[in-house]
file model.pdb (PDB, C-alpha atoms)
ATOM      1  CA  MET A   1      30.090 -56.238  14.928  1.00  0.00           C
ATOM      2  CA  PRO A   2      32.604 -55.291  12.187  1.00  0.00           C
ATOM      3  CA  ASP A   3      34.218 -57.934  10.036  1.00  0.00           C
ATOM      4  CA  PHE A   4      37.825 -57.691  11.187  1.00  0.00           C
ATOM      5  CA  ASP A   5      39.040 -59.862   8.301  1.00  0.00           C
ATOM      6  CA  LEU A   6      38.198 -57.061   5.876  1.00  0.00           C
ATOM      7  CA  PHE A   7      40.509 -54.720   7.773  1.00  0.00           C
ATOM      8  CA  LEU A   8      43.544 -56.998   8.006  1.00  0.00           C
ATOM      9  CA  LEU A   9      45.535 -55.145   5.333  1.00  0.00           C
ATOM     10  CA  PRO A  10      44.776 -51.700   6.833  1.00  0.00           C
ATOM     11  CA  PHE A  11      45.790 -53.001  10.263  1.00  0.00           C
ATOM     12  CA  LEU A  12      49.088 -54.402   8.984  1.00  0.00           C
ATOM     13  CA  THR A  13      49.782 -51.258   6.974  1.00  0.00           C
ATOM     14  CA  GLY A  14      49.371 -49.027  10.011  1.00  0.00           C
ATOM     15  CA  LEU A  15      51.346 -51.438  12.187  1.00  0.00           C
ATOM     16  CA  LEU A  16      54.377 -51.004   9.934  1.00  0.00           C
ATOM     17  CA  PHE A  17      54.344 -47.272  10.599  1.00  0.00           C
ATOM     18  CA  ALA A  18      53.674 -47.854  14.303  1.00  0.00           C
ATOM     19  CA  ILE A  19      56.897 -49.861  14.491  1.00  0.00           C
ATOM     20  CA  THR A  20      59.071 -47.676  12.269  1.00  0.00           C
ATOM     21  CA  LEU A  21      58.083 -44.077  13.074  1.00  0.00           C
ATOM     22  CA  PRO A  22      58.940 -44.261  16.812  1.00  0.00           C
ATOM     23  CA  ILE A  23      62.472 -45.385  15.889  1.00  0.00           C
ATOM     24  CA  LEU A  24      62.770 -42.416  13.552  1.00  0.00           C
ATOM     25  CA  GLY A  25      61.373 -40.280  16.355  1.00  0.00           C
ATOM     26  CA  CYS A  26      64.161 -41.370  18.721  1.00  0.00           C
ATOM     27  CA  TYR A  27      66.747 -39.966  16.326  1.00  0.00           C
ATOM     28  CA  LEU A  28      64.749 -36.767  15.847  1.00  0.00           C
ATOM     29  CA  ARG A  29      64.505 -36.369  19.611  1.00  0.00           C
ATOM     30  CA  LEU A  30      68.236 -36.982  19.963  1.00  0.00           C
ATOM     31  CA  ARG A  31      68.832 -34.166  17.461  1.00  0.00           C
ATOM     32  CA  ASN A  32      66.279 -31.885  19.205  1.00  0.00           C
ATOM     33  CA  GLU A  33      64.229 -31.870  16.011  1.00  0.00           C
ATOM     34  CA  TRP A  34      60.926 -33.368  17.166  1.00  0.00           C
ATOM     35  CA  LEU A  35      59.039 -30.521  15.465  1.00  0.00           C
ATOM     36  CA  ALA A  36      59.911 -32.253  12.185  1.00  0.00           C
ATOM     37  CA  ALA A  37      57.084 -34.656  13.036  1.00  0.00           C
ATOM     38  CA  LEU A  38      54.652 -31.812  12.343  1.00  0.00           C
ATOM     39  CA  ALA A  39      56.592 -29.884   9.721  1.00  0.00           C
ATOM     40  CA  TYR A  40      57.136 -32.620   7.144  1.00  0.00           C
ATOM     41  CA  PRO A  41      53.552 -33.959   7.304  1.00  0.00           C
ATOM     42  CA  HIS A  42      52.226 -30.440   6.727  1.00  0.00           C
ATOM     43  CA  ALA A  43      54.594 -30.033   3.778  1.00  0.00           C
ATOM     44  CA  ALA A  44      53.450 -33.394   2.425  1.00  0.00           C
ATOM     45  CA  ALA A  45      49.800 -32.423   2.834  1.00  0.00           C
ATOM     46  CA  ALA A  46      50.389 -29.155   0.994  1.00  0.00           C
ATOM     47  CA  GLY A  47      52.207 -30.998  -1.796  1.00  0.00           C
ATOM     48  CA  ALA A  48      49.399 -33.527  -2.145  1.00  0.00           C
ATOM     49  CA  LEU A  49      46.800 -30.763  -2.316  1.00  0.00           C
ATOM     50  CA  ALA A  50      48.866 -28.844  -4.862  1.00  0.00           C
ATOM     51  CA  ALA A  51      49.221 -31.959  -7.013  1.00  0.00           C
ATOM     52  CA  HIS A  52      45.454 -32.527  -6.809  1.00  0.00           C
ATOM     53  CA  PHE A  53      44.911 -28.911  -7.878  1.00  0.00           C
ATOM     54  CA  PHE A  54      46.990 -29.525 -11.028  1.00  0.00           C
ATOM     55  CA  ALA A  55      45.396 -32.944 -11.671  1.00  0.00           C
ATOM     56  CA  LEU A  56      48.546 -34.850 -10.677  1.00  0.00           C
ATOM     57  CA  PRO A  57      48.843 -37.859  -8.318  1.00  0.00           C
ATOM     58  CA  PRO A  58      48.570 -36.509  -4.730  1.00  0.00           C
ATOM     59  CA  THR A  59      51.070 -39.035  -3.353  1.00  0.00           C
ATOM     60  CA  LEU A  60      53.711 -37.902  -5.839  1.00  0.00           C
ATOM     61  CA  GLY A  61      53.147 -34.264  -4.913  1.00  0.00           C
ATOM     62  CA  GLY A  62      53.306 -34.974  -1.193  1.00  0.00           C
ATOM     63  CA  LEU A  63      56.545 -36.929  -1.418  1.00  0.00           C
ATOM     64  CA  ALA A  64      58.138 -34.367  -3.739  1.00  0.00           C
ATOM     65  CA  LEU A  65      57.374 -31.338  -1.568  1.00  0.00           C
ATOM     66  CA  ALA A  66      58.413 -33.114   1.635  1.00  0.00           C
ATOM     67  CA  ALA A  67      61.723 -34.127   0.044  1.00  0.00           C
ATOM     68  CA  LEU A  68      62.216 -30.559  -1.186  1.00  0.00           C
ATOM     69  CA  ALA A  69      61.585 -29.274   2.335  1.00  0.00           C
ATOM     70  CA  GLY A  70      64.101 -31.721   3.796  1.00  0.00           C
ATOM     71  CA  ALA A  71      66.784 -30.898   1.245  1.00  0.00           C
ATOM     72  CA  GLY A  72      66.061 -27.166   1.360  1.00  0.00           C
ATOM     73  CA  LYS A  73      66.457 -27.107   5.139  1.00  0.00           C
ATOM     74  CA  ARG A  74      69.943 -28.543   4.835  1.00  0.00           C
ATOM     75  CA  LEU A  75      70.988 -26.510   1.798  1.00  0.00           C
ATOM     76  CA  GLU A  76      69.921 -23.263   3.434  1.00  0.00           C
ATOM     77  CA  ARG A  77      71.763 -24.310   6.613  1.00  0.00           C
ATOM     78  CA  LEU A  78      68.708 -23.822   8.758  1.00  0.00           C
ATOM     79  CA  LYS A  79      68.895 -25.718  12.023  1.00  0.00           C
ATOM     80  CA  GLY A  80      66.614 -26.919  14.763  1.00  0.00           C
ATOM     81  CA  ASP A  81      63.067 -25.901  15.476  1.00  0.00           C
ATOM     82  CA  ALA A  82      63.310 -22.592  13.590  1.00  0.00           C
ATOM     83  CA  ALA A  83      63.624 -24.398  10.261  1.00  0.00           C
ATOM     84  CA  TYR A  84      60.795 -26.792  11.051  1.00  0.00           C
ATOM     85  CA  ALA A  85      58.573 -23.959  12.266  1.00  0.00           C
ATOM     86  CA  LEU A  86      58.999 -22.213   8.902  1.00  0.00           C
ATOM     87  CA  ILE A  87      58.243 -25.440   7.002  1.00  0.00           C
ATOM     88  CA  LEU A  88      55.217 -26.090   9.223  1.00  0.00           C
ATOM     89  CA  LEU A  89      53.769 -22.612   8.733  1.00  0.00           C
ATOM     90  CA  ALA A  90      54.432 -22.626   4.981  1.00  0.00           C
ATOM     91  CA  GLY A  91      52.780 -26.028   4.571  1.00  0.00           C
ATOM     92  CA  TRP A  92      49.800 -25.050   6.683  1.00  0.00           C
ATOM     93  CA  ALA A  93      49.315 -21.746   4.854  1.00  0.00           C
ATOM     94  CA  ALA A  94      49.587 -23.378   1.428  1.00  0.00           C
ATOM     95  CA  GLY A  95      47.107 -26.091   2.407  1.00  0.00           C
ATOM     96  CA  ILE A  96      44.582 -23.535   3.675  1.00  0.00           C
ATOM     97  CA  LEU A  97      44.846 -21.423   0.526  1.00  0.00           C
ATOM     98  CA  ILE A  98      44.455 -24.417  -1.797  1.00  0.00           C
ATOM     99  CA  THR A  99      41.420 -25.831   0.011  1.00  0.00           C
ATOM    100  CA  SER A 100      39.850 -22.368   0.183  1.00  0.00           C
ATOM    101  CA  ASN A 101      40.138 -21.861  -3.563  1.00  0.00           C
ATOM    102  CA  GLN A 102      39.500 -25.407  -4.733  1.00  0.00           C
ATOM    103  CA  PRO A 103      36.354 -26.933  -3.180  1.00  0.00           C
ATOM    104  CA  LEU A 104      37.182 -30.410  -4.467  1.00  0.00           C
ATOM    105  CA  ALA A 105      40.462 -30.348  -2.546  1.00  0.00           C
ATOM    106  CA  GLU A 106      38.710 -29.796   0.781  1.00  0.00           C
ATOM    107  CA  ARG A 107      37.739 -33.462   1.102  1.00  0.00           C
ATOM    108  CA  LEU A 108      41.312 -34.527   0.348  1.00  0.00           C
ATOM    109  CA  GLY A 109      42.543 -32.077   2.965  1.00  0.00           C
ATOM    110  CA  HIS A 110      40.338 -33.643   5.640  1.00  0.00           C
ATOM    111  CA  ALA A 111      41.462 -37.117   4.569  1.00  0.00           C
ATOM    112  CA  LEU A 112      45.130 -36.140   4.856  1.00  0.00           C
ATOM    113  CA  PHE A 113      44.780 -34.715   8.335  1.00  0.00           C
ATOM    114  CA  ASP A 114      42.443 -37.431   9.642  1.00  0.00           C
ATOM    115  CA  GLY A 115      44.078 -40.320   7.797  1.00  0.00           C
ATOM    116  CA  GLN A 116      42.789 -42.898   5.322  1.00  0.00           C
ATOM    117  CA  LEU A 117      43.975 -46.031   7.097  1.00  0.00           C
ATOM    118  CA  TYR A 118      40.717 -47.978   6.795  1.00  0.00           C
ATOM    119  CA  PHE A 119      40.888 -47.620   3.002  1.00  0.00           C
ATOM    120  CA  ALA A 120      44.436 -48.966   2.679  1.00  0.00           C
ATOM    121  CA  GLU A 121      44.734 -51.709   0.065  1.00  0.00           C
ATOM    122  CA  ARG A 122      47.431 -54.070  -1.132  1.00  0.00           C
ATOM    123  CA  THR A 123      49.308 -51.296  -2.941  1.00  0.00           C
ATOM    124  CA  GLN A 124      49.528 -49.163   0.190  1.00  0.00           C
ATOM    125  CA  PHE A 125      50.574 -52.168   2.257  1.00  0.00           C
ATOM    126  CA  ILE A 126      53.393 -53.119  -0.115  1.00  0.00           C
ATOM    127  CA  THR A 127      54.539 -49.490  -0.296  1.00  0.00           C
ATOM    128  CA  ALA A 128      54.530 -49.185   3.491  1.00  0.00           C
ATOM    129  CA  LEU A 129      56.387 -52.492   3.841  1.00  0.00           C
ATOM    130  CA  LEU A 130      59.134 -51.538   1.395  1.00  0.00           C
ATOM    131  CA  ALA A 131      59.442 -48.036   2.857  1.00  0.00           C
ATOM    132  CA  SER A 132      59.664 -49.363   6.419  1.00  0.00           C
ATOM    133  CA  LEU A 133      62.283 -51.973   5.562  1.00  0.00           C
ATOM    134  CA  LEU A 134      64.344 -49.426   3.650  1.00  0.00           C
ATOM    135  CA  ALA A 135      64.047 -46.854   6.446  1.00  0.00           C
ATOM    136  CA  LEU A 136      65.101 -49.340   9.120  1.00  0.00           C
ATOM    137  CA  ALA A 137      68.052 -50.492   7.010  1.00  0.00           C
ATOM    138  CA  LEU A 138      69.208 -46.906   6.407  1.00  0.00           C
ATOM    139  CA  LEU A 139      68.815 -45.950  10.065  1.00  0.00           C
ATOM    140  CA  TYR A 140      70.843 -49.000  11.046  1.00  0.00           C
ATOM    141  CA  ARG A 141      73.544 -47.976   8.582  1.00  0.00           C
ATOM    142  CA  LEU A 142      73.549 -44.321   9.656  1.00  0.00           C
ATOM    143  CA  SER A 143      73.045 -44.902  13.372  1.00  0.00           C
ATOM    144  CA  SER A 144      76.653 -44.740  14.568  1.00  0.00           C
ATOM    145  CA  ARG A 145      77.398 -41.689  12.419  1.00  0.00           C
ATOM    146  CA  LEU A 146      74.264 -39.886  13.584  1.00  0.00           C
ATOM    147  CA  LEU A 147      75.149 -40.566  17.215  1.00  0.00           C
ATOM    148  CA  LEU A 148      78.732 -39.368  16.687  1.00  0.00           C
ATOM    149  CA  ALA A 149      77.575 -36.240  14.862  1.00  0.00           C
ATOM    150  CA  GLN A 150      75.261 -35.348  17.743  1.00  0.00           C
ATOM    151  CA  LEU A 151      77.342 -36.372  20.760  1.00  0.00           C
ATOM    152  CA  TYR A 152      80.820 -35.599  19.383  1.00  0.00           C
ATOM    153  CA  PRO A 153      80.306 -32.894  16.736  1.00  0.00           C
ATOM    154  CA  ASP A 154      84.065 -32.302  16.317  1.00  0.00           C
ATOM    155  CA  PHE A 155      84.740 -35.933  15.389  1.00  0.00           C
ATOM    156  CA  PHE A 156      84.223 -35.444  11.657  1.00  0.00           C
ATOM    157  CA  ARG A 157      86.061 -32.116  11.544  1.00  0.00           C
ATOM    158  CA  MET A 158      89.116 -33.527  13.337  1.00  0.00           C
ATOM    159  CA  ARG A 159      89.290 -36.407  10.865  1.00  0.00           C
ATOM    160  CA  GLY A 160      88.740 -34.213   7.848  1.00  0.00           C
ATOM    161  CA  LEU A 161      85.399 -35.840   7.033  1.00  0.00           C
ATOM    162  CA  ALA A 162      82.252 -34.145   5.764  1.00  0.00           C
ATOM    163  CA  ALA A 163      79.229 -34.567   8.024  1.00  0.00           C
ATOM    164  CA  TRP A 164      76.687 -32.857   5.768  1.00  0.00           C
ATOM    165  CA  PRO A 165      75.920 -35.958   3.616  1.00  0.00           C
ATOM    166  CA  ILE A 166      74.872 -37.820   6.760  1.00  0.00           C
ATOM    167  CA  HIS A 167      72.615 -34.991   7.912  1.00  0.00           C
ATOM    168  CA  LEU A 168      71.156 -34.505   4.438  1.00  0.00           C
ATOM    169  CA  GLY A 169      70.504 -38.221   4.064  1.00  0.00           C
ATOM    170  CA  PHE A 170      68.725 -38.347   7.406  1.00  0.00           C
ATOM    171  CA  ASP A 171      66.660 -35.243   6.606  1.00  0.00           C
ATOM    172  CA  LEU A 172      65.509 -36.760   3.315  1.00  0.00           C
ATOM    173  CA  LEU A 173      64.735 -40.090   4.973  1.00  0.00           C
ATOM    174  CA  ALA A 174      62.668 -38.405   7.694  1.00  0.00           C
ATOM    175  CA  ALA A 175      60.827 -36.213   5.180  1.00  0.00           C
ATOM    176  CA  LEU A 176      59.916 -39.042   2.820  1.00  0.00           C
ATOM    177  CA  LEU A 177      58.890 -41.526   5.525  1.00  0.00           C
ATOM    178  CA  LEU A 178      56.730 -38.961   7.312  1.00  0.00           C
ATOM    179  CA  ALA A 179      55.205 -37.868   4.016  1.00  0.00           C
ATOM    180  CA  LEU A 180      54.258 -41.434   3.149  1.00  0.00           C
ATOM    181  CA  ALA A 181      52.833 -42.000   6.623  1.00  0.00           C
ATOM    182  CA  THR A 182      50.794 -38.811   6.279  1.00  0.00           C
ATOM    183  CA  MET A 183      49.159 -40.117   3.100  1.00  0.00           C
ATOM    184  CA  ILE A 184      47.939 -43.218   4.942  1.00  0.00           C
ATOM    185  CA  ILE A 185      47.514 -42.607   8.682  1.00  0.00           C
ATOM    186  CA  GLY A 186      47.247 -38.811   8.676  1.00  0.00           C
ATOM    187  CA  VAL A 187      49.163 -35.826  10.020  1.00  0.00           C
ATOM    188  CA  MET A 188      48.350 -36.091  13.716  1.00  0.00           C
ATOM    189  CA  ALA A 189      48.722 -39.871  13.983  1.00  0.00           C
ATOM    190  CA  SER A 190      52.181 -39.577  12.408  1.00  0.00           C
ATOM    191  CA  PHE A 191      53.095 -36.795  14.819  1.00  0.00           C
ATOM    192  CA  ALA A 192      51.869 -38.808  17.813  1.00  0.00           C
ATOM    193  CA  LEU A 193      53.984 -41.821  16.785  1.00  0.00           C
ATOM    194  CA  VAL A 194      57.127 -39.746  16.383  1.00  0.00           C
ATOM    195  CA  PHE A 195      56.692 -37.721  19.574  1.00  0.00           C
ATOM    196  CA  ILE A 196      55.103 -39.756  22.399  1.00  0.00           C
ATOM    197  CA  PRO A 197      56.846 -43.182  22.282  1.00  0.00           C
ATOM    198  CA  PRO A 198      60.388 -41.697  22.099  1.00  0.00           C
ATOM    199  CA  TRP A 199      59.491 -39.298  24.922  1.00  0.00           C
ATOM    200  CA  LEU A 200      58.471 -42.224  27.098  1.00  0.00           C
ATOM    201  CA  ALA A 201      61.506 -44.269  26.087  1.00  0.00           C
ATOM    202  CA  ALA A 202      63.795 -41.406  27.085  1.00  0.00           C
ATOM    203  CA  ARG A 203      62.302 -41.551  30.586  1.00  0.00           C
ATOM    204  CA  ARG A 204      62.636 -45.320  30.991  1.00  0.00           C
ATOM    205  CA  ALA A 205      65.462 -46.674  28.852  1.00  0.00           C
ATOM    206  CA  GLY A 206      68.925 -47.163  30.264  1.00  0.00           C
ATOM    207  CA  THR A 207      70.618 -47.550  26.886  1.00  0.00           C
ATOM    208  CA  TRP A 208      70.049 -46.266  23.383  1.00  0.00           C
ATOM    209  CA  ARG A 209      69.203 -49.693  22.001  1.00  0.00           C
ATOM    210  CA  ASN A 210      66.701 -50.377  24.797  1.00  0.00           C
ATOM    211  CA  GLY A 211      65.139 -47.022  24.078  1.00  0.00           C
ATOM    212  CA  LEU A 212      64.503 -47.983  20.462  1.00  0.00           C
ATOM    213  CA  TRP A 213      62.878 -51.261  21.526  1.00  0.00           C
ATOM    214  CA  ILE A 214      60.737 -49.595  24.190  1.00  0.00           C
ATOM    215  CA  ALA A 215      59.520 -46.854  21.837  1.00  0.00           C
ATOM    216  CA  SER A 216      58.638 -49.271  19.047  1.00  0.00           C
ATOM    217  CA  SER A 217      57.006 -51.879  21.329  1.00  0.00           C
ATOM    218  CA  PHE A 218      54.952 -49.299  23.199  1.00  0.00           C
ATOM    219  CA  ALA A 219      53.718 -47.761  19.940  1.00  0.00           C
ATOM    220  CA  GLY A 220      52.797 -51.160  18.503  1.00  0.00           C
ATOM    221  CA  LEU A 221      50.766 -52.024  21.605  1.00  0.00           C
ATOM    222  CA  ALA A 222      48.958 -48.678  21.626  1.00  0.00           C
ATOM    223  CA  TYR A 223      48.279 -48.950  17.898  1.00  0.00           C
ATOM    224  CA  ALA A 224      46.741 -52.432  18.134  1.00  0.00           C
ATOM    225  CA  LEU A 225      44.530 -51.335  21.028  1.00  0.00           C
ATOM    226  CA  ALA A 226      43.389 -48.168  19.274  1.00  0.00           C
ATOM    227  CA  PHE A 227      42.719 -49.873  15.945  1.00  0.00           C
ATOM    228  CA  PHE A 228      40.358 -52.474  17.359  1.00  0.00           C
ATOM    229  CA  VAL A 229      38.623 -50.066  19.753  1.00  0.00           C
ATOM    230  CA  ALA A 230      38.038 -47.527  16.975  1.00  0.00           C
ATOM    231  CA  LEU A 231      36.815 -50.213  14.583  1.00  0.00           C
ATOM    232  CA  TYR A 232      34.547 -51.933  17.093  1.00  0.00           C
ATOM    233  CA  PHE A 233      32.886 -48.701  18.268  1.00  0.00           C
ATOM    234  CA  ASP A 234      32.958 -47.058  14.805  1.00  0.00           C
ATOM    235  CA  GLN A 235      35.084 -44.097  15.889  1.00  0.00           C
ATOM    236  CA  ALA A 236      37.758 -42.012  14.181  1.00  0.00           C
ATOM    237  CA  PHE A 237      41.024 -43.951  14.365  1.00  0.00           C
ATOM    238  CA  GLY A 238      43.341 -40.940  14.661  1.00  0.00           C
ATOM    239  CA  ALA A 239      41.575 -39.545  17.708  1.00  0.00           C
ATOM    240  CA  ILE A 240      41.345 -42.912  19.461  1.00  0.00           C
ATOM    241  CA  PHE A 241      44.982 -43.615  18.704  1.00  0.00           C
ATOM    242  CA  ALA A 242      46.148 -40.283  20.113  1.00  0.00           C
ATOM    243  CA  LEU A 243      44.117 -40.839  23.286  1.00  0.00           C
ATOM    244  CA  SER A 244      45.499 -44.372  23.619  1.00  0.00           C
ATOM    245  CA  LEU A 245      49.069 -43.109  23.392  1.00  0.00           C
ATOM    246  CA  ILE A 246      48.380 -40.381  25.933  1.00  0.00           C
ATOM    247  CA  LEU A 247      46.609 -42.651  28.425  1.00  0.00           C
ATOM    248  CA  LEU A 248      49.175 -45.455  28.156  1.00  0.00           C
ATOM    249  CA  GLY A 249      51.868 -42.817  28.338  1.00  0.00           C
ATOM    250  CA  PHE A 250      50.577 -41.582  31.675  1.00  0.00           C
ATOM    251  CA  VAL A 251      50.547 -45.153  32.963  1.00  0.00           C
ATOM    252  CA  VAL A 252      54.125 -45.791  31.846  1.00  0.00           C
ATOM    253  CA  ALA A 253      55.420 -42.391  32.933  1.00  0.00           C
TER     254      ALA A 253
END
call {"tool": "encode", "arguments": {"input": "model.pdb", "output": "structure tokens"}}
result
Amino acid sequence: MPDFDLFLLPFLTGLLFAITLPILGCYLRLRNEWLAALAYPHAAAAGALAAHFFALPPTLGGLALAALAGAGKRLERLKGDAAYALILLAGWAAGILITSNQPLAERLGHALFDGQLYFAERTQFITALLASLLALALLYRLSSRLLLAQLYPDFFRMRGLAAWPIHLGFDLLAALLLALATMIIGVMASFALVFIPPWLAARRAGTWRNGLWIASSFAGLAYALAFFVALYFDQAFGAIFALSLILLGFVVA
């Protein structure tokens, strides 16, 4: 039987993302940009691999390339799934080429896609805590403007206000938070958290605020279940977590 005390910090680190990413996912779903949950992690993975190739800190490279992708999407005025599809394909292609030409990067590539949650230490926990608190505070501050921009797009134009800083700020927030999550819990676990809980909340919630609570609570429950099942039976966390979300999703739906 595993010593669960040794995995307390990894559990808490992942739980922070399990609470925060579904809330981010609700806003992405509102904007019809759920594909960002795959695009930004792939960009982050490519950036981390590129940084490793040049003997730089992988986390720095992942965050930098994800932020560049988020800002570039807005600056080039690309919208919707087309922009995220291009980012996704570019990140995937770059990652494949780097791992094919740098054997030492192949192990890092597997770690990025599968996640490194069990190896999270105090530094990762503190980083995840600060990032989650900052993300929640910014989403709370931007929430009304994001809802207005999506539901009443002429509101800002009629009042002579610029909406692009709000969109750019949200794009950068989504890119950086997903990039950080990718470095710890992996590409597919991050995607599952952003996609499945908001999808279920949209089917059940009567109000926007209830939807945020439902998405976050459901994800936290599924995460706790998956973490202990994967640890107890010595299985890959990402796969167990995805299956837990899917199975609980069928029950709820």
call {"tool": "atom_distance", "arguments": {"input": "model.pdb", "atom1": "atom CA of Ser143 of chain A", "atom2": "atom CA of Pro41 of chain A"}}
result
23.2 Å
call {"tool": "resolve_selection", "arguments": {"input": "model.pdb", "expression": "the PyMOL selection byres ((chain A and resi 175) around 12)", "output": "ChimeraX atom specification"}}
result
/A:21,24-25,28,35-45,62-74,84,87,135,168-174,176-182,190
call {"tool": "closest_residue", "arguments": {"input": "model.pdb", "among": "A:Ala46, A:Leu86, A:Ile23, A:Leu146", "to": "Ala202 of chain A", "atoms": "all atoms listed in the file"}}
result
A:Ile23
call {"tool": "resolve_selection", "arguments": {"input": "model.pdb", "expression": "the PyMOL selection byres ((chain A and resi 98-108) around 8)", "output": "list in words"}}
result
Leu49, Ala50, His52, Phe53, Ala94, Gly95, Ile96, Leu97, Gly109, His110, Ala111 and Leu112 of chain A
call {"tool": "closest_residue", "arguments": {"input": "model.pdb", "among": "A:Leu136, A:Ile185, A:Leu56, A:Ile214", "to": "Pro198 of chain A", "atoms": "only C-alpha atoms"}}
result
A:Ile214
call {"tool": "residues_around", "arguments": {"input": "model.pdb", "residues": "Ala162 of chain A", "least_positions_apart": "6", "cutoff": "12 Å", "atoms": "all atoms listed in the file", "output": "ChimeraX atom specification"}}
result
/A:145,149,153-156,168
call {"tool": "atom_distance", "arguments": {"input": "model.pdb", "atom1": "atom CA of Leu133 of chain A", "atom2": "atom CA of Pro165 of chain A"}}
result
21.1 Å
call {"tool": "closest_atom_pairs", "arguments": {"input": "model.pdb", "of": "segment 59-144 of chain A", "to": "segment 233-253 of chain A", "cutoff": "10 Å", "atoms": "all atoms listed in the file", "output": "JSON lines"}}
result
{"residue": "A:Phe113", "atom": "CA", "partner": "A:Gly238", "partner_atom": "CA", "distance": 9.0}
{"residue": "A:Asp114", "atom": "CA", "partner": "A:Gly238", "partner_atom": "CA", "distance": 6.2}
{"residue": "A:Gly115", "atom": "CA", "partner": "A:Gly238", "partner_atom": "CA", "distance": 6.9}
{"residue": "A:Gln116", "atom": "CA", "partner": "A:Phe237", "partner_atom": "CA", "distance": 9.3}
{"residue": "A:Leu117", "atom": "CA", "partner": "A:Phe237", "partner_atom": "CA", "distance": 8.1}
{"residue": "A:Tyr118", "atom": "CA", "partner": "A:Phe237", "partner_atom": "CA", "distance": 8.6}
call {"tool": "write_last_selection", "arguments": {"input": "model.pdb", "atoms": "C-alpha atoms", "output": "tab-separated table (two decimals), in the coordinates of the input"}}
result
chain	number	residue	atom	x	y	z
A	113	PHE	CA	44.78	-34.72	8.34
A	114	ASP	CA	42.44	-37.43	9.64
A	115	GLY	CA	44.08	-40.32	7.80
A	116	GLN	CA	42.79	-42.90	5.32
A	117	LEU	CA	43.98	-46.03	7.10
A	118	TYR	CA	40.72	-47.98	6.80
call {"tool": "atom_distance", "arguments": {"input": "model.pdb", "atom1": "atom CA of Ile184 of chain A", "atom2": "atom CA of Ala85 of chain A"}}
result
23.2 Å
call {"tool": "closest_residue", "arguments": {"input": "model.pdb", "among": "A:Tyr27, A:Leu89, A:Ala48, A:Ala128", "to": "His167 of chain A", "atoms": "all atoms listed in the file"}}
result
A:Tyr27
call {"tool": "closest_residue", "arguments": {"input": "model.pdb", "among": "A:Ala18, A:Ala131, A:Ala163, A:Leu12", "to": "Tyr223 of chain A", "atoms": "only C-alpha atoms"}}
result
A:Ala18
call {"tool": "closest_residue", "arguments": {"input": "model.pdb", "among": "A:Ala51, A:Leu130, A:Val229, A:Trp199", "to": "Gly211 of chain A", "atoms": "only C-alpha atoms"}}
result
A:Trp199
call {"tool": "closest_residue", "arguments": {"input": "model.pdb", "among": "A:Tyr140, A:Phe195, A:Trp164, A:Trp34", "to": "Ala82 of chain A", "atoms": "all atoms listed in the file"}}
result
A:Trp34
call {"tool": "resolve_selection", "arguments": {"input": "model.pdb", "expression": "the PyMOL selection byres ((chain A and resi 218) around 9)", "output": "list in words"}}
result
Ile19, Pro197, Leu200, Ala201, Trp213, Ile214, Ala215, Ser216, Ser217, Ala219, Gly220, Leu221, Ala222, Tyr223, Leu245, Leu248 and Gly249 of chain A
call {"tool": "decode", "arguments": {"input": "model.pdb", "residues": "segment 163-174 of chain A", "atoms": "N, CA and C atoms", "output": "JSON list (two decimals), in the first residue's frame"}}
result
[["chain", "number", "residue", "atom", "x", "y", "z"],
["A", 163, "ALA", "N", -12.45, 47.02, -26.75],
["A", 163, "ALA", "CA", -12.63, 45.69, -26.16],
["A", 163, "ALA", "C", -11.38, 44.83, -26.28],
["A", 164, "TRP", "N", -10.44, 45.22, -27.14],
["A", 164, "TRP", "CA", -9.30, 44.33, -27.39],
["A", 164, "TRP", "C", -8.42, 44.11, -26.15],
["A", 165, "PRO", "N", -8.25, 45.10, -25.24],
["A", 165, "PRO", "CA", -7.43, 44.79, -24.05],
["A", 165, "PRO", "C", -8.04, 43.68, -23.20],
["A", 166, "ILE", "N", -9.35, 43.61, -23.14],
["A", 166, "ILE", "CA", -10.01, 42.56, -22.36],
["A", 166, "ILE", "C", -9.75, 41.20, -22.99],
["A", 167, "HIS", "N", -9.92, 41.13, -24.32],
["A", 167, "HIS", "CA", -9.69, 39.86, -25.02],
["A", 167, "HIS", "C", -8.23, 39.44, -24.94],
["A", 168, "LEU", "N", -7.33, 40.40, -25.12],
["A", 168, "LEU", "CA", -5.90, 40.08, -25.05],
["A", 168, "LEU", "C", -5.52, 39.62, -23.65],
["A", 169, "GLY", "N", -6.04, 40.30, -22.64],
["A", 169, "GLY", "CA", -5.75, 39.88, -21.26],
["A", 169, "GLY", "C", -6.24, 38.48, -20.97],
["A", 170, "PHE", "N", -7.44, 38.15, -21.45],
["A", 170, "PHE", "CA", -7.96, 36.81, -21.23],
["A", 170, "PHE", "C", -7.14, 35.77, -21.99],
["A", 171, "ASP", "N", -6.77, 36.08, -23.23],
["A", 171, "ASP", "CA", -5.96, 35.14, -24.02],
["A", 171, "ASP", "C", -4.63, 34.85, -23.33],
["A", 172, "LEU", "N", -3.99, 35.87, -22.81],
["A", 172, "LEU", "CA", -2.71, 35.67, -22.11],
["A", 172, "LEU", "C", -2.92, 34.88, -20.82],
["A", 173, "LEU", "N", -3.98, 35.18, -20.09],
["A", 173, "LEU", "CA", -4.27, 34.44, -18.87],
["A", 173, "LEU", "C", -4.49, 32.96, -19.17],
["A", 174, "ALA", "N", -5.31, 32.67, -20.19],
["A", 174, "ALA", "CA", -5.58, 31.28, -20.55],
["A", 174, "ALA", "C", -4.31, 30.57, -20.99]]
